[in-house]
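Participant: Got a structure for you, questions after.
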Amino acid sequence: MTDPHLTIVRHPLVQHKLTHMRMQDTPTPVFRQLLREISQLLAYEVTREMPVTARRIETPLCPMDAPVLDGPEPALISILRAGNGLLDGVLELIPQARVGFVGLYRDEATLRPVQYYFKVPENLGDRMVFVVDPMLATGNSSAAAVDLLKQAGARSLRFLCLLAAPEGVARMREAHPDVPIVTAALDDRLDERGYIVPGLGDAGDRMFGTK
Ligand code: URA
């Protein structure tokens, strides 16, 4: 049965790249490159409903009405810091997008999000808003980021992640049932530290080589 709230991109290219990202010995530059590639494949899915309009153009053979993207430039919102790993690839695909950042860190004791930065494009309510964060774990920071974006006027949101835990999907479904999630995989569970299992470890550390 299809779930309108959760799309798992089971394409073989996505799954192959994800497997290599999960491997603990994959070096940082390879991890980063795979993330860039996979982000574009996931972006293809999450942008499926972007509006298009017909524009009159001339091909070398004849005039035609051809589809082009319509509406104000979409907003890509990266949840710092790991979101930036997904952001780069998506931005290559949609270079006209406007970009915002939400800085939240996870209090390791409570696993609750604490905000330290918020800067988003103007007129958020008129734009399609794509929130990017590789790991949907507890869902607390994702739900909090979407709360902030809605307070800033966002109305049409999509959430793009690389891996999701059932707990994170449930949290998002409860807090933001109007926000569809696109991911490459739904893993088994969270461990006691809030890591996704089997997962790939700390996405930020792996993409930035901080450990
Ligand atoms: N954030 C990560 O980077 N990894 C996890 O497994 C969970 C949250």
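Just so we're on the same page: first chain in the structure tokens is A, next is B, and so on; residues restart at 1 for each chain, and ligands are numbered from 1 in the order they show up.
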Just the strand (DSSP E) stuff from segment 40-103 of chain A, please, per backbone DSSP, written as a list in words.
Facilitator: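 Everything in segment 40-103 of chain A that counts as strand (DSSP E) is Val52, Thr53, Ala54, Arg55, Arg56, Ile57, Glu58, Pro63, Met64, Asp65, Ala66, Pro67, Val68, Leu69, Ala75, Leu76, Ile77, Ser78, Ile79, Leu80, Arg98, Val99, Gly100, Phe101, Val102 and Gly103 of chain A.
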Participant: Next, write the just-selected residues to a file, as a tab-separated table (two decimals), in the first residue's frame, keeping C-alpha atoms as the atom set.
Facilitator:
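So the final result, stored in again_29.tsv, reads:
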chain	number	residue	atom	x	y	z
A	52	VAL	CA	5.13	23.78	-14.34
A	53	THR	CA	3.69	26.06	-16.97
A	54	ALA	CA	3.88	26.05	-20.75
A	55	ARG	CA	6.26	28.44	-22.47
A	56	ARG	CA	6.29	29.15	-26.17
A	57	ILE	CA	9.72	28.26	-27.53
A	58	GLU	CA	11.33	27.68	-30.91
A	63	PRO	CA	7.55	26.44	-32.37
A	64	MET	CA	6.10	24.50	-29.46
A	65	ASP	CA	4.59	25.01	-26.03
A	66	ALA	CA	7.08	23.40	-23.65
A	67	PRO	CA	6.97	22.97	-19.85
A	68	VAL	CA	9.11	25.11	-17.58
A	69	LEU	CA	9.08	25.45	-13.79
A	75	ALA	CA	13.27	27.32	-0.76
A	76	LEU	CA	15.78	24.72	0.37
A	77	ILE	CA	16.17	24.67	4.11
A	78	SER	CA	19.17	22.90	5.56
A	79	ILE	CA	19.06	21.75	9.14
A	80	LEU	CA	22.61	22.41	10.29
A	98	ARG	CA	16.67	30.16	-2.35
A	99	VAL	CA	18.44	28.74	0.67
A	100	GLY	CA	17.80	28.93	4.38
A	101	PHE	CA	19.40	27.44	7.46
A	102	VAL	CA	17.99	26.23	10.74
A	103	GLY	CA	20.55	25.61	13.45
Participant: From a DSSP calculation on the backbone, collect every residue of segment 16-204 of chain A in alpha helix (DSSP H) and output the set as a PDB file with N, CA, C and O atoms, in the first residue's frame.
Facilitator:
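Resulting contents of states30.pdb:
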ATOM      1  N   HIS A  16      22.240   1.117  -3.868  1.00  0.00           N
ATOM      2  CA  HIS A  16      23.657   0.770  -3.992  1.00  0.00           C
ATOM      3  C   HIS A  16      24.540   1.841  -3.329  1.00  0.00           C
ATOM      4  O   HIS A  16      25.461   1.534  -2.560  1.00  0.00           O
ATOM      5  N   LYS A  17      24.241   3.078  -3.623  1.00  0.00           N
ATOM      6  CA  LYS A  17      25.053   4.162  -3.053  1.00  0.00           C
ATOM      7  C   LYS A  17      24.889   4.202  -1.536  1.00  0.00           C
ATOM      8  O   LYS A  17      25.856   4.417  -0.788  1.00  0.00           O
ATOM      9  N   LEU A  18      23.654   3.992  -1.084  1.00  0.00           N
ATOM     10  CA  LEU A  18      23.398   4.016   0.357  1.00  0.00           C
ATOM     11  C   LEU A  18      24.187   2.909   1.066  1.00  0.00           C
ATOM     12  O   LEU A  18      24.753   3.123   2.143  1.00  0.00           O
ATOM     13  N   THR A  19      24.238   1.734   0.468  1.00  0.00           N
ATOM     14  CA  THR A  19      24.989   0.628   1.085  1.00  0.00           C
ATOM     15  C   THR A  19      26.445   1.024   1.280  1.00  0.00           C
ATOM     16  O   THR A  19      27.036   0.781   2.343  1.00  0.00           O
ATOM     17  N   HIS A  20      27.028   1.676   0.276  1.00  0.00           N
ATOM     18  CA  HIS A  20      28.426   2.094   0.404  1.00  0.00           C
ATOM     19  C   HIS A  20      28.582   3.192   1.458  1.00  0.00           C
ATOM     20  O   HIS A  20      29.608   3.264   2.136  1.00  0.00           O
ATOM     21  N   MET A  21      27.566   4.020   1.608  1.00  0.00           N
ATOM     22  CA  MET A  21      27.633   5.042   2.656  1.00  0.00           C
ATOM     23  C   MET A  21      27.547   4.418   4.046  1.00  0.00           C
ATOM     24  O   MET A  21      28.115   4.921   5.005  1.00  0.00           O
ATOM     25  N   ARG A  22      26.814   3.321   4.146  1.00  0.00           N
ATOM     26  CA  ARG A  22      26.670   2.663   5.458  1.00  0.00           C
ATOM     27  C   ARG A  22      27.972   1.996   5.905  1.00  0.00           C
ATOM     28  O   ARG A  22      28.212   1.858   7.103  1.00  0.00           O
ATOM     29  N   THR A  28      35.939   9.506   3.972  1.00  0.00           N
ATOM     30  CA  THR A  28      35.168  10.756   3.949  1.00  0.00           C
ATOM     31  C   THR A  28      34.916  11.292   2.534  1.00  0.00           C
ATOM     32  O   THR A  28      33.771  11.639   2.215  1.00  0.00           O
ATOM     33  N   PRO A  29      35.932  11.388   1.674  1.00  0.00           N
ATOM     34  CA  PRO A  29      35.655  11.971   0.342  1.00  0.00           C
ATOM     35  C   PRO A  29      34.660  11.136  -0.464  1.00  0.00           C
ATOM     36  O   PRO A  29      33.835  11.690  -1.193  1.00  0.00           O
ATOM     37  N   VAL A  30      34.722   9.828  -0.293  1.00  0.00           N
ATOM     38  CA  VAL A  30      33.792   8.951  -1.018  1.00  0.00           C
ATOM     39  C   VAL A  30      32.387   9.103  -0.426  1.00  0.00           C
ATOM     40  O   VAL A  30      31.387   9.199  -1.146  1.00  0.00           O
ATOM     41  N   PHE A  31      32.316   9.152   0.891  1.00  0.00           N
ATOM     42  CA  PHE A  31      31.029   9.335   1.573  1.00  0.00           C
ATOM     43  C   PHE A  31      30.363  10.622   1.082  1.00  0.00           C
ATOM     44  O   PHE A  31      29.180  10.651   0.747  1.00  0.00           O
ATOM     45  N   ARG A  32      31.153  11.670   1.004  1.00  0.00           N
ATOM     46  CA  ARG A  32      30.639  12.980   0.586  1.00  0.00           C
ATOM     47  C   ARG A  32      30.149  12.943  -0.867  1.00  0.00           C
ATOM     48  O   ARG A  32      29.089  13.485  -1.189  1.00  0.00           O
ATOM     49  N   GLN A  33      30.936  12.303  -1.705  1.00  0.00           N
ATOM     50  CA  GLN A  33      30.556  12.203  -3.120  1.00  0.00           C
ATOM     51  C   GLN A  33      29.269  11.389  -3.291  1.00  0.00           C
ATOM     52  O   GLN A  33      28.371  11.762  -4.054  1.00  0.00           O
ATOM     53  N   LEU A  34      29.171  10.285  -2.539  1.00  0.00           N
ATOM     54  CA  LEU A  34      27.964   9.454  -2.620  1.00  0.00           C
ATOM     55  C   LEU A  34      26.746  10.236  -2.133  1.00  0.00           C
ATOM     56  O   LEU A  34      25.656  10.141  -2.701  1.00  0.00           O
ATOM     57  N   LEU A  35      26.951  11.023  -1.082  1.00  0.00           N
ATOM     58  CA  LEU A  35      25.837  11.814  -0.549  1.00  0.00           C
ATOM     59  C   LEU A  35      25.365  12.829  -1.580  1.00  0.00           C
ATOM     60  O   LEU A  35      24.166  13.054  -1.762  1.00  0.00           O
ATOM     61  N   ARG A  36      26.316  13.431  -2.263  1.00  0.00           N
ATOM     62  CA  ARG A  36      25.968  14.400  -3.302  1.00  0.00           C
ATOM     63  C   ARG A  36      25.140  13.723  -4.404  1.00  0.00           C
ATOM     64  O   ARG A  36      24.112  14.231  -4.836  1.00  0.00           O
ATOM     65  N   GLU A  37      25.613  12.537  -4.817  1.00  0.00           N
ATOM     66  CA  GLU A  37      24.916  11.831  -5.904  1.00  0.00           C
ATOM     67  C   GLU A  37      23.523  11.376  -5.466  1.00  0.00           C
ATOM     68  O   GLU A  37      22.542  11.546  -6.183  1.00  0.00           O
ATOM     69  N   ILE A  38      23.451  10.816  -4.286  1.00  0.00           N
ATOM     70  CA  ILE A  38      22.169  10.292  -3.802  1.00  0.00           C
ATOM     71  C   ILE A  38      21.190  11.433  -3.562  1.00  0.00           C
ATOM     72  O   ILE A  38      19.983  11.293  -3.776  1.00  0.00           O
ATOM     73  N   SER A  39      21.704  12.579  -3.128  1.00  0.00           N
ATOM     74  CA  SER A  39      20.806  13.713  -2.850  1.00  0.00           C
ATOM     75  C   SER A  39      20.104  14.150  -4.132  1.00  0.00           C
ATOM     76  O   SER A  39      18.949  14.561  -4.100  1.00  0.00           O
ATOM     77  N   GLN A  40      20.786  14.015  -5.247  1.00  0.00           N
ATOM     78  CA  GLN A  40      20.159  14.435  -6.507  1.00  0.00           C
ATOM     79  C   GLN A  40      19.099  13.427  -6.931  1.00  0.00           C
ATOM     80  O   GLN A  40      18.060  13.810  -7.481  1.00  0.00           O
ATOM     81  N   LEU A  41      19.350  12.158  -6.671  1.00  0.00           N
ATOM     82  CA  LEU A  41      18.346  11.148  -7.005  1.00  0.00           C
ATOM     83  C   LEU A  41      17.115  11.296  -6.107  1.00  0.00           C
ATOM     84  O   LEU A  41      15.975  11.134  -6.551  1.00  0.00           O
ATOM     85  N   LEU A  42      17.344  11.609  -4.840  1.00  0.00           N
ATOM     86  CA  LEU A  42      16.216  11.817  -3.924  1.00  0.00           C
ATOM     87  C   LEU A  42      15.477  13.110  -4.269  1.00  0.00           C
ATOM     88  O   LEU A  42      14.247  13.191  -4.171  1.00  0.00           O
ATOM     89  N   ALA A  43      16.244  14.113  -4.696  1.00  0.00           N
ATOM     90  CA  ALA A  43      15.627  15.393  -5.061  1.00  0.00           C
ATOM     91  C   ALA A  43      14.681  15.221  -6.246  1.00  0.00           C
ATOM     92  O   ALA A  43      13.640  15.869  -6.332  1.00  0.00           O
ATOM     93  N   TYR A  44      15.049  14.333  -7.131  1.00  0.00           N
ATOM     94  CA  TYR A  44      14.203  14.036  -8.288  1.00  0.00           C
ATOM     95  C   TYR A  44      12.813  13.614  -7.809  1.00  0.00           C
ATOM     96  O   TYR A  44      11.787  14.013  -8.364  1.00  0.00           O
ATOM     97  N   GLU A  45      12.780  12.815  -6.739  1.00  0.00           N
ATOM     98  CA  GLU A  45      11.495  12.317  -6.220  1.00  0.00           C
ATOM     99  C   GLU A  45      10.749  13.403  -5.434  1.00  0.00           C
ATOM    100  O   GLU A  45       9.550  13.598  -5.618  1.00  0.00           O
ATOM    101  N   VAL A  46      11.494  14.128  -4.596  1.00  0.00           N
ATOM    102  CA  VAL A  46      10.795  15.068  -3.691  1.00  0.00           C
ATOM    103  C   VAL A  46      10.257  16.293  -4.440  1.00  0.00           C
ATOM    104  O   VAL A  46       9.335  16.961  -3.970  1.00  0.00           O
ATOM    105  N   GLY A  83      22.573  18.754   7.327  1.00  0.00           N
ATOM    106  CA  GLY A  83      21.719  19.082   6.183  1.00  0.00           C
ATOM    107  C   GLY A  83      22.512  19.623   5.005  1.00  0.00           C
ATOM    108  O   GLY A  83      22.116  19.438   3.842  1.00  0.00           O
ATOM    109  N   ASN A  84      23.640  20.277   5.298  1.00  0.00           N
ATOM    110  CA  ASN A  84      24.431  20.863   4.209  1.00  0.00           C
ATOM    111  C   ASN A  84      24.963  19.814   3.233  1.00  0.00           C
ATOM    112  O   ASN A  84      25.187  20.113   2.069  1.00  0.00           O
ATOM    113  N   GLY A  85      25.129  18.601   3.706  1.00  0.00           N
ATOM    114  CA  GLY A  85      25.590  17.526   2.826  1.00  0.00           C
ATOM    115  C   GLY A  85      24.553  17.196   1.770  1.00  0.00           C
ATOM    116  O   GLY A  85      24.900  16.879   0.628  1.00  0.00           O
ATOM    117  N   LEU A  86      23.283  17.264   2.130  1.00  0.00           N
ATOM    118  CA  LEU A  86      22.216  17.042   1.150  1.00  0.00           C
ATOM    119  C   LEU A  86      21.985  18.300   0.316  1.00  0.00           C
ATOM    120  O   LEU A  86      21.684  18.229  -0.873  1.00  0.00           O
ATOM    121  N   LEU A  87      22.127  19.435   0.957  1.00  0.00           N
ATOM    122  CA  LEU A  87      21.840  20.718   0.308  1.00  0.00           C
ATOM    123  C   LEU A  87      22.648  20.904  -0.982  1.00  0.00           C
ATOM    124  O   LEU A  87      22.092  21.296  -2.012  1.00  0.00           O
ATOM    125  N   ASP A  88      23.938  20.631  -0.925  1.00  0.00           N
ATOM    126  CA  ASP A  88      24.811  20.923  -2.070  1.00  0.00           C
ATOM    127  C   ASP A  88      24.324  20.240  -3.345  1.00  0.00           C
ATOM    128  O   ASP A  88      24.248  20.857  -4.403  1.00  0.00           O
ATOM    129  N   GLY A  89      23.990  18.970  -3.228  1.00  0.00           N
ATOM    130  CA  GLY A  89      23.550  18.224  -4.404  1.00  0.00           C
ATOM    131  C   GLY A  89      22.214  18.722  -4.921  1.00  0.00           C
ATOM    132  O   GLY A  89      22.005  18.868  -6.137  1.00  0.00           O
ATOM    133  N   VAL A  90      21.291  18.998  -4.005  1.00  0.00           N
ATOM    134  CA  VAL A  90      19.955  19.453  -4.423  1.00  0.00           C
ATOM    135  C   VAL A  90      20.067  20.822  -5.093  1.00  0.00           C
ATOM    136  O   VAL A  90      19.417  21.097  -6.105  1.00  0.00           O
ATOM    137  N   LEU A  91      20.957  21.647  -4.565  1.00  0.00           N
ATOM    138  CA  LEU A  91      21.138  22.992  -5.113  1.00  0.00           C
ATOM    139  C   LEU A  91      21.730  22.948  -6.524  1.00  0.00           C
ATOM    140  O   LEU A  91      21.425  23.800  -7.363  1.00  0.00           O
ATOM    141  N   GLU A  92      22.543  21.945  -6.781  1.00  0.00           N
ATOM    142  CA  GLU A  92      23.064  21.782  -8.147  1.00  0.00           C
ATOM    143  C   GLU A  92      21.934  21.504  -9.118  1.00  0.00           C
ATOM    144  O   GLU A  92      21.948  21.935 -10.267  1.00  0.00           O
ATOM    145  N   LEU A  93      20.942  20.766  -8.618  1.00  0.00           N
ATOM    146  CA  LEU A  93      19.810  20.383  -9.473  1.00  0.00           C
ATOM    147  C   LEU A  93      18.815  21.533  -9.629  1.00  0.00           C
ATOM    148  O   LEU A  93      18.171  21.671 -10.664  1.00  0.00           O
ATOM    149  N   ASN A 140      12.641  14.784  16.672  1.00  0.00           N
ATOM    150  CA  ASN A 140      12.416  15.984  17.486  1.00  0.00           C
ATOM    151  C   ASN A 140      12.942  17.240  16.810  1.00  0.00           C
ATOM    152  O   ASN A 140      12.245  18.259  16.755  1.00  0.00           O
ATOM    153  N   SER A 141      14.167  17.178  16.282  1.00  0.00           N
ATOM    154  CA  SER A 141      14.713  18.394  15.657  1.00  0.00           C
ATOM    155  C   SER A 141      14.003  18.672  14.331  1.00  0.00           C
ATOM    156  O   SER A 141      13.761  19.828  13.982  1.00  0.00           O
ATOM    157  N   SER A 142      13.634  17.637  13.598  1.00  0.00           N
ATOM    158  CA  SER A 142      12.917  17.840  12.337  1.00  0.00           C
ATOM    159  C   SER A 142      11.563  18.490  12.605  1.00  0.00           C
ATOM    160  O   SER A 142      11.176  19.452  11.923  1.00  0.00           O
ATOM    161  N   ALA A 143      10.843  17.977  13.597  1.00  0.00           N
ATOM    162  CA  ALA A 143       9.520  18.540  13.916  1.00  0.00           C
ATOM    163  C   ALA A 143       9.678  19.980  14.399  1.00  0.00           C
ATOM    164  O   ALA A 143       8.882  20.857  14.036  1.00  0.00           O
ATOM    165  N   ALA A 144      10.724  20.233  15.200  1.00  0.00           N
ATOM    166  CA  ALA A 144      10.945  21.595  15.703  1.00  0.00           C
ATOM    167  C   ALA A 144      11.301  22.534  14.551  1.00  0.00           C
ATOM    168  O   ALA A 144      10.829  23.678  14.508  1.00  0.00           O
ATOM    169  N   ALA A 145      12.115  22.057  13.597  1.00  0.00           N
ATOM    170  CA  ALA A 145      12.484  22.894  12.448  1.00  0.00           C
ATOM    171  C   ALA A 145      11.244  23.224  11.623  1.00  0.00           C
ATOM    172  O   ALA A 145      11.053  24.374  11.200  1.00  0.00           O
ATOM    173  N   VAL A 146      10.401  22.247  11.415  1.00  0.00           N
ATOM    174  CA  VAL A 146       9.177  22.493  10.632  1.00  0.00           C
ATOM    175  C   VAL A 146       8.239  23.443  11.395  1.00  0.00           C
ATOM    176  O   VAL A 146       7.617  24.323  10.796  1.00  0.00           O
ATOM    177  N   ASP A 147       8.186  23.311  12.716  1.00  0.00           N
ATOM    178  CA  ASP A 147       7.409  24.266  13.533  1.00  0.00           C
ATOM    179  C   ASP A 147       7.870  25.691  13.242  1.00  0.00           C
ATOM    180  O   ASP A 147       7.060  26.588  12.993  1.00  0.00           O
ATOM    181  N   LEU A 148       9.202  25.890  13.296  1.00  0.00           N
ATOM    182  CA  LEU A 148       9.766  27.233  13.086  1.00  0.00           C
ATOM    183  C   LEU A 148       9.458  27.739  11.682  1.00  0.00           C
ATOM    184  O   LEU A 148       9.144  28.920  11.486  1.00  0.00           O
ATOM    185  N   LEU A 149       9.544  26.849  10.710  1.00  0.00           N
ATOM    186  CA  LEU A 149       9.288  27.257   9.314  1.00  0.00           C
ATOM    187  C   LEU A 149       7.820  27.616   9.125  1.00  0.00           C
ATOM    188  O   LEU A 149       7.489  28.576   8.414  1.00  0.00           O
ATOM    189  N   LYS A 150       6.944  26.875   9.759  1.00  0.00           N
ATOM    190  CA  LYS A 150       5.511  27.213   9.664  1.00  0.00           C
ATOM    191  C   LYS A 150       5.249  28.558  10.347  1.00  0.00           C
ATOM    192  O   LYS A 150       4.482  29.377   9.843  1.00  0.00           O
ATOM    193  N   GLN A 151       5.920  28.777  11.479  1.00  0.00           N
ATOM    194  CA  GLN A 151       5.760  30.093  12.152  1.00  0.00           C
ATOM    195  C   GLN A 151       6.250  31.219  11.247  1.00  0.00           C
ATOM    196  O   GLN A 151       5.751  32.338  11.302  1.00  0.00           O
ATOM    197  N   PRO A 166      11.740   4.486  12.357  1.00  0.00           N
ATOM    198  CA  PRO A 166      10.284   4.464  12.550  1.00  0.00           C
ATOM    199  C   PRO A 166       9.824   5.510  13.568  1.00  0.00           C
ATOM    200  O   PRO A 166       8.772   6.132  13.408  1.00  0.00           O
ATOM    201  N   GLU A 167      10.658   5.711  14.606  1.00  0.00           N
ATOM    202  CA  GLU A 167      10.301   6.688  15.646  1.00  0.00           C
ATOM    203  C   GLU A 167      10.218   8.105  15.066  1.00  0.00           C
ATOM    204  O   GLU A 167       9.336   8.890  15.428  1.00  0.00           O
ATOM    205  N   GLY A 168      11.149   8.431  14.177  1.00  0.00           N
ATOM    206  CA  GLY A 168      11.168   9.769  13.573  1.00  0.00           C
ATOM    207  C   GLY A 168      10.003   9.984  12.636  1.00  0.00           C
ATOM    208  O   GLY A 168       9.393  11.061  12.617  1.00  0.00           O
ATOM    209  N   VAL A 169       9.688   8.946  11.881  1.00  0.00           N
ATOM    210  CA  VAL A 169       8.545   9.047  10.965  1.00  0.00           C
ATOM    211  C   VAL A 169       7.255   9.241  11.770  1.00  0.00           C
ATOM    212  O   VAL A 169       6.414  10.078  11.430  1.00  0.00           O
ATOM    213  N   ALA A 170       7.131   8.477  12.861  1.00  0.00           N
ATOM    214  CA  ALA A 170       5.923   8.585  13.692  1.00  0.00           C
ATOM    215  C   ALA A 170       5.812   9.977  14.311  1.00  0.00           C
ATOM    216  O   ALA A 170       4.723  10.574  14.348  1.00  0.00           O
ATOM    217  N   ARG A 171       6.950  10.494  14.764  1.00  0.00           N
ATOM    218  CA  ARG A 171       6.950  11.841  15.387  1.00  0.00           C
ATOM    219  C   ARG A 171       6.524  12.901  14.375  1.00  0.00           C
ATOM    220  O   ARG A 171       5.742  13.794  14.681  1.00  0.00           O
ATOM    221  N   MET A 172       7.065  12.790  13.159  1.00  0.00           N
ATOM    222  CA  MET A 172       6.719  13.756  12.115  1.00  0.00           C
ATOM    223  C   MET A 172       5.255  13.599  11.693  1.00  0.00           C
ATOM    224  O   MET A 172       4.555  14.574  11.424  1.00  0.00           O
ATOM    225  N   ARG A 173       4.823  12.368  11.632  1.00  0.00           N
ATOM    226  CA  ARG A 173       3.440  12.117  11.220  1.00  0.00           C
ATOM    227  C   ARG A 173       2.463  12.743  12.228  1.00  0.00           C
ATOM    228  O   ARG A 173       1.427  13.289  11.861  1.00  0.00           O
ATOM    229  N   GLU A 174       2.846  12.624  13.505  1.00  0.00           N
ATOM    230  CA  GLU A 174       1.990  13.161  14.567  1.00  0.00           C
ATOM    231  C   GLU A 174       2.022  14.706  14.559  1.00  0.00           C
ATOM    232  O   GLU A 174       0.985  15.357  14.612  1.00  0.00           O
ATOM    233  N   ALA A 175       3.247  15.274  14.434  1.00  0.00           N
ATOM    234  CA  ALA A 175       3.390  16.736  14.538  1.00  0.00           C
ATOM    235  C   ALA A 175       3.033  17.441  13.234  1.00  0.00           C
ATOM    236  O   ALA A 175       2.487  18.544  13.247  1.00  0.00           O
ATOM    237  N   ALA A 203      26.161  11.162  10.694  1.00  0.00           N
ATOM    238  CA  ALA A 203      26.257  11.628   9.307  1.00  0.00           C
ATOM    239  C   ALA A 203      27.167  12.849   9.209  1.00  0.00           C
ATOM    240  O   ALA A 203      27.982  12.965   8.283  1.00  0.00           O
ATOM    241  N   GLY A 204      27.034  13.778  10.157  1.00  0.00           N
ATOM    242  CA  GLY A 204      27.868  14.991  10.131  1.00  0.00           C
ATOM    243  C   GLY A 204      29.346  14.641  10.256  1.00  0.00           C
ATOM    244  O   GLY A 204      30.175  15.126   9.491  1.00  0.00           O
TER     245      GLY A 204
END
Participant: Rounded to one decimal in Å, what is the spacing between atom CA of Ala185 of chain A and atom CA of Asp202 of chain A?
Facilitator: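 Separation between atom CA of Ala185 of chain A and atom CA of Asp202 of chain A: 16.0 Å.
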Participant: With only C-alpha atoms as the basis for distance, which of A:Asp3, A:Phe208, A:Asp25, A:Val9 is at the shortest distance from Leu163 of chain A?
Facilitator: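 Using only C-alpha atoms, Leu163 of chain A sits closest to A:Val9.
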Participant: Write out, as CSV, each residue of chain A that has an atom at most 7 Å from ligand 1, together with the closest pair of atoms and their distance in Å to one decimal, counting only C-alpha atoms and all ligand atoms, rows going by chain and rising number.
Facilitator:
residue,atom,partner,partner_atom_place_in_ligand_line,distance
A:Met135,CA,ligand 1,1 (N),5.2
A:Leu136,CA,ligand 1,8 (C),6.7
A:Ala137,CA,ligand 1,7 (C),4.9
A:Gly194,CA,ligand 1,7 (C),5.8
A:Tyr195,CA,ligand 1,6 (O),3.4
A:Ile196,CA,ligand 1,6 (O),3.7
A:Val197,CA,ligand 1,6 (O),6.8
A:Gly199,CA,ligand 1,6 (O),5.5
A:Leu200,CA,ligand 1,6 (O),6.3
A:Gly201,CA,ligand 1,4 (N),5.0
A:Asp202,CA,ligand 1,3 (O),3.3
A:Ala203,CA,ligand 1,3 (O),3.8
A:Gly204,CA,ligand 1,3 (O),5.6
Participant: I'd like to know which of A:Phe159, A:Thr26, A:Asp178, A:Glu49 is closest to Val132 of chain A, using only C-alpha atoms.
Facilitator: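 Nearest to Val132 of chain A: A:Phe159.
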Participant: To one decimal place in Å, what is the distance between atom CA of His176 of chain A and atom CA of Pro95 of chain A?
Facilitator: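 So the two atoms, atom CA of His176 of chain A and atom CA of Pro95 of chain A, lie 27.5 Å apart.
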Participant: For a test of reading the model, state the distance in Å between atom CA of Leu13 of chain A and atom CA of Ile181 of chain A, rounded to one decimal.
Facilitator: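 It comes out at 19.4 Å.
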Participant: Set the distance at 8 Å and use only C-alpha atoms: which residues neighbour Glu73 of chain A once local chain neighbours fewer than 2 positions away are removed? I'd like the list as a JSON list (two decimals) with N, CA, C and O atoms, in the first residue's frame.
Facilitator:
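Okay, this is what ended up in selection-v8.json:
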[["chain", "number", "residue", "atom", "x", "y", "z"],
["A", 71, "GLY", "N", 6.09, 29.49, -10.80],
["A", 71, "GLY", "CA", 5.99, 29.93, -9.41],
["A", 71, "GLY", "C", 7.29, 30.52, -8.91],
["A", 71, "GLY", "O", 8.31, 30.48, -9.61],
["A", 75, "ALA", "N", 12.32, 27.11, -1.86],
["A", 75, "ALA", "CA", 13.27, 27.32, -0.76],
["A", 75, "ALA", "C", 13.82, 25.97, -0.31],
["A", 75, "ALA", "O", 13.05, 25.03, -0.08],
["A", 96, "GLN", "N", 18.30, 27.74, -9.04],
["A", 96, "GLN", "CA", 17.54, 28.97, -8.78],
["A", 96, "GLN", "C", 16.93, 29.01, -7.38],
["A", 96, "GLN", "O", 16.36, 30.02, -6.98],
["A", 97, "ALA", "N", 17.03, 27.91, -6.65],
["A", 97, "ALA", "CA", 16.40, 27.85, -5.33],
["A", 97, "ALA", "C", 17.01, 28.88, -4.38],
["A", 97, "ALA", "O", 18.18, 29.24, -4.50],
["A", 98, "ARG", "N", 16.20, 29.34, -3.46],
["A", 98, "ARG", "CA", 16.67, 30.16, -2.35],
["A", 98, "ARG", "C", 17.01, 29.23, -1.20],
["A", 98, "ARG", "O", 16.42, 28.16, -1.08],
["A", 127, "ARG", "N", 6.34, 29.90, -1.48],
["A", 127, "ARG", "CA", 7.32, 28.98, -2.09],
["A", 127, "ARG", "C", 7.04, 27.54, -1.69],
["A", 127, "ARG", "O", 6.52, 27.27, -0.60],
["A", 128, "MET", "N", 7.48, 26.61, -2.56],
["A", 128, "MET", "CA", 7.60, 25.22, -2.10],
["A", 128, "MET", "C", 8.85, 25.16, -1.23],
["A", 128, "MET", "O", 9.90, 25.70, -1.61]]
Participant: When distances are computed from only C-alpha atoms, which of A:Met207, A:Val14, A:Ala184, A:Leu160 shows the smallest separation from Asp133 of chain A?
Facilitator: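 Counting only C-alpha atoms, the residue closest to Asp133 of chain A is A:Leu160.
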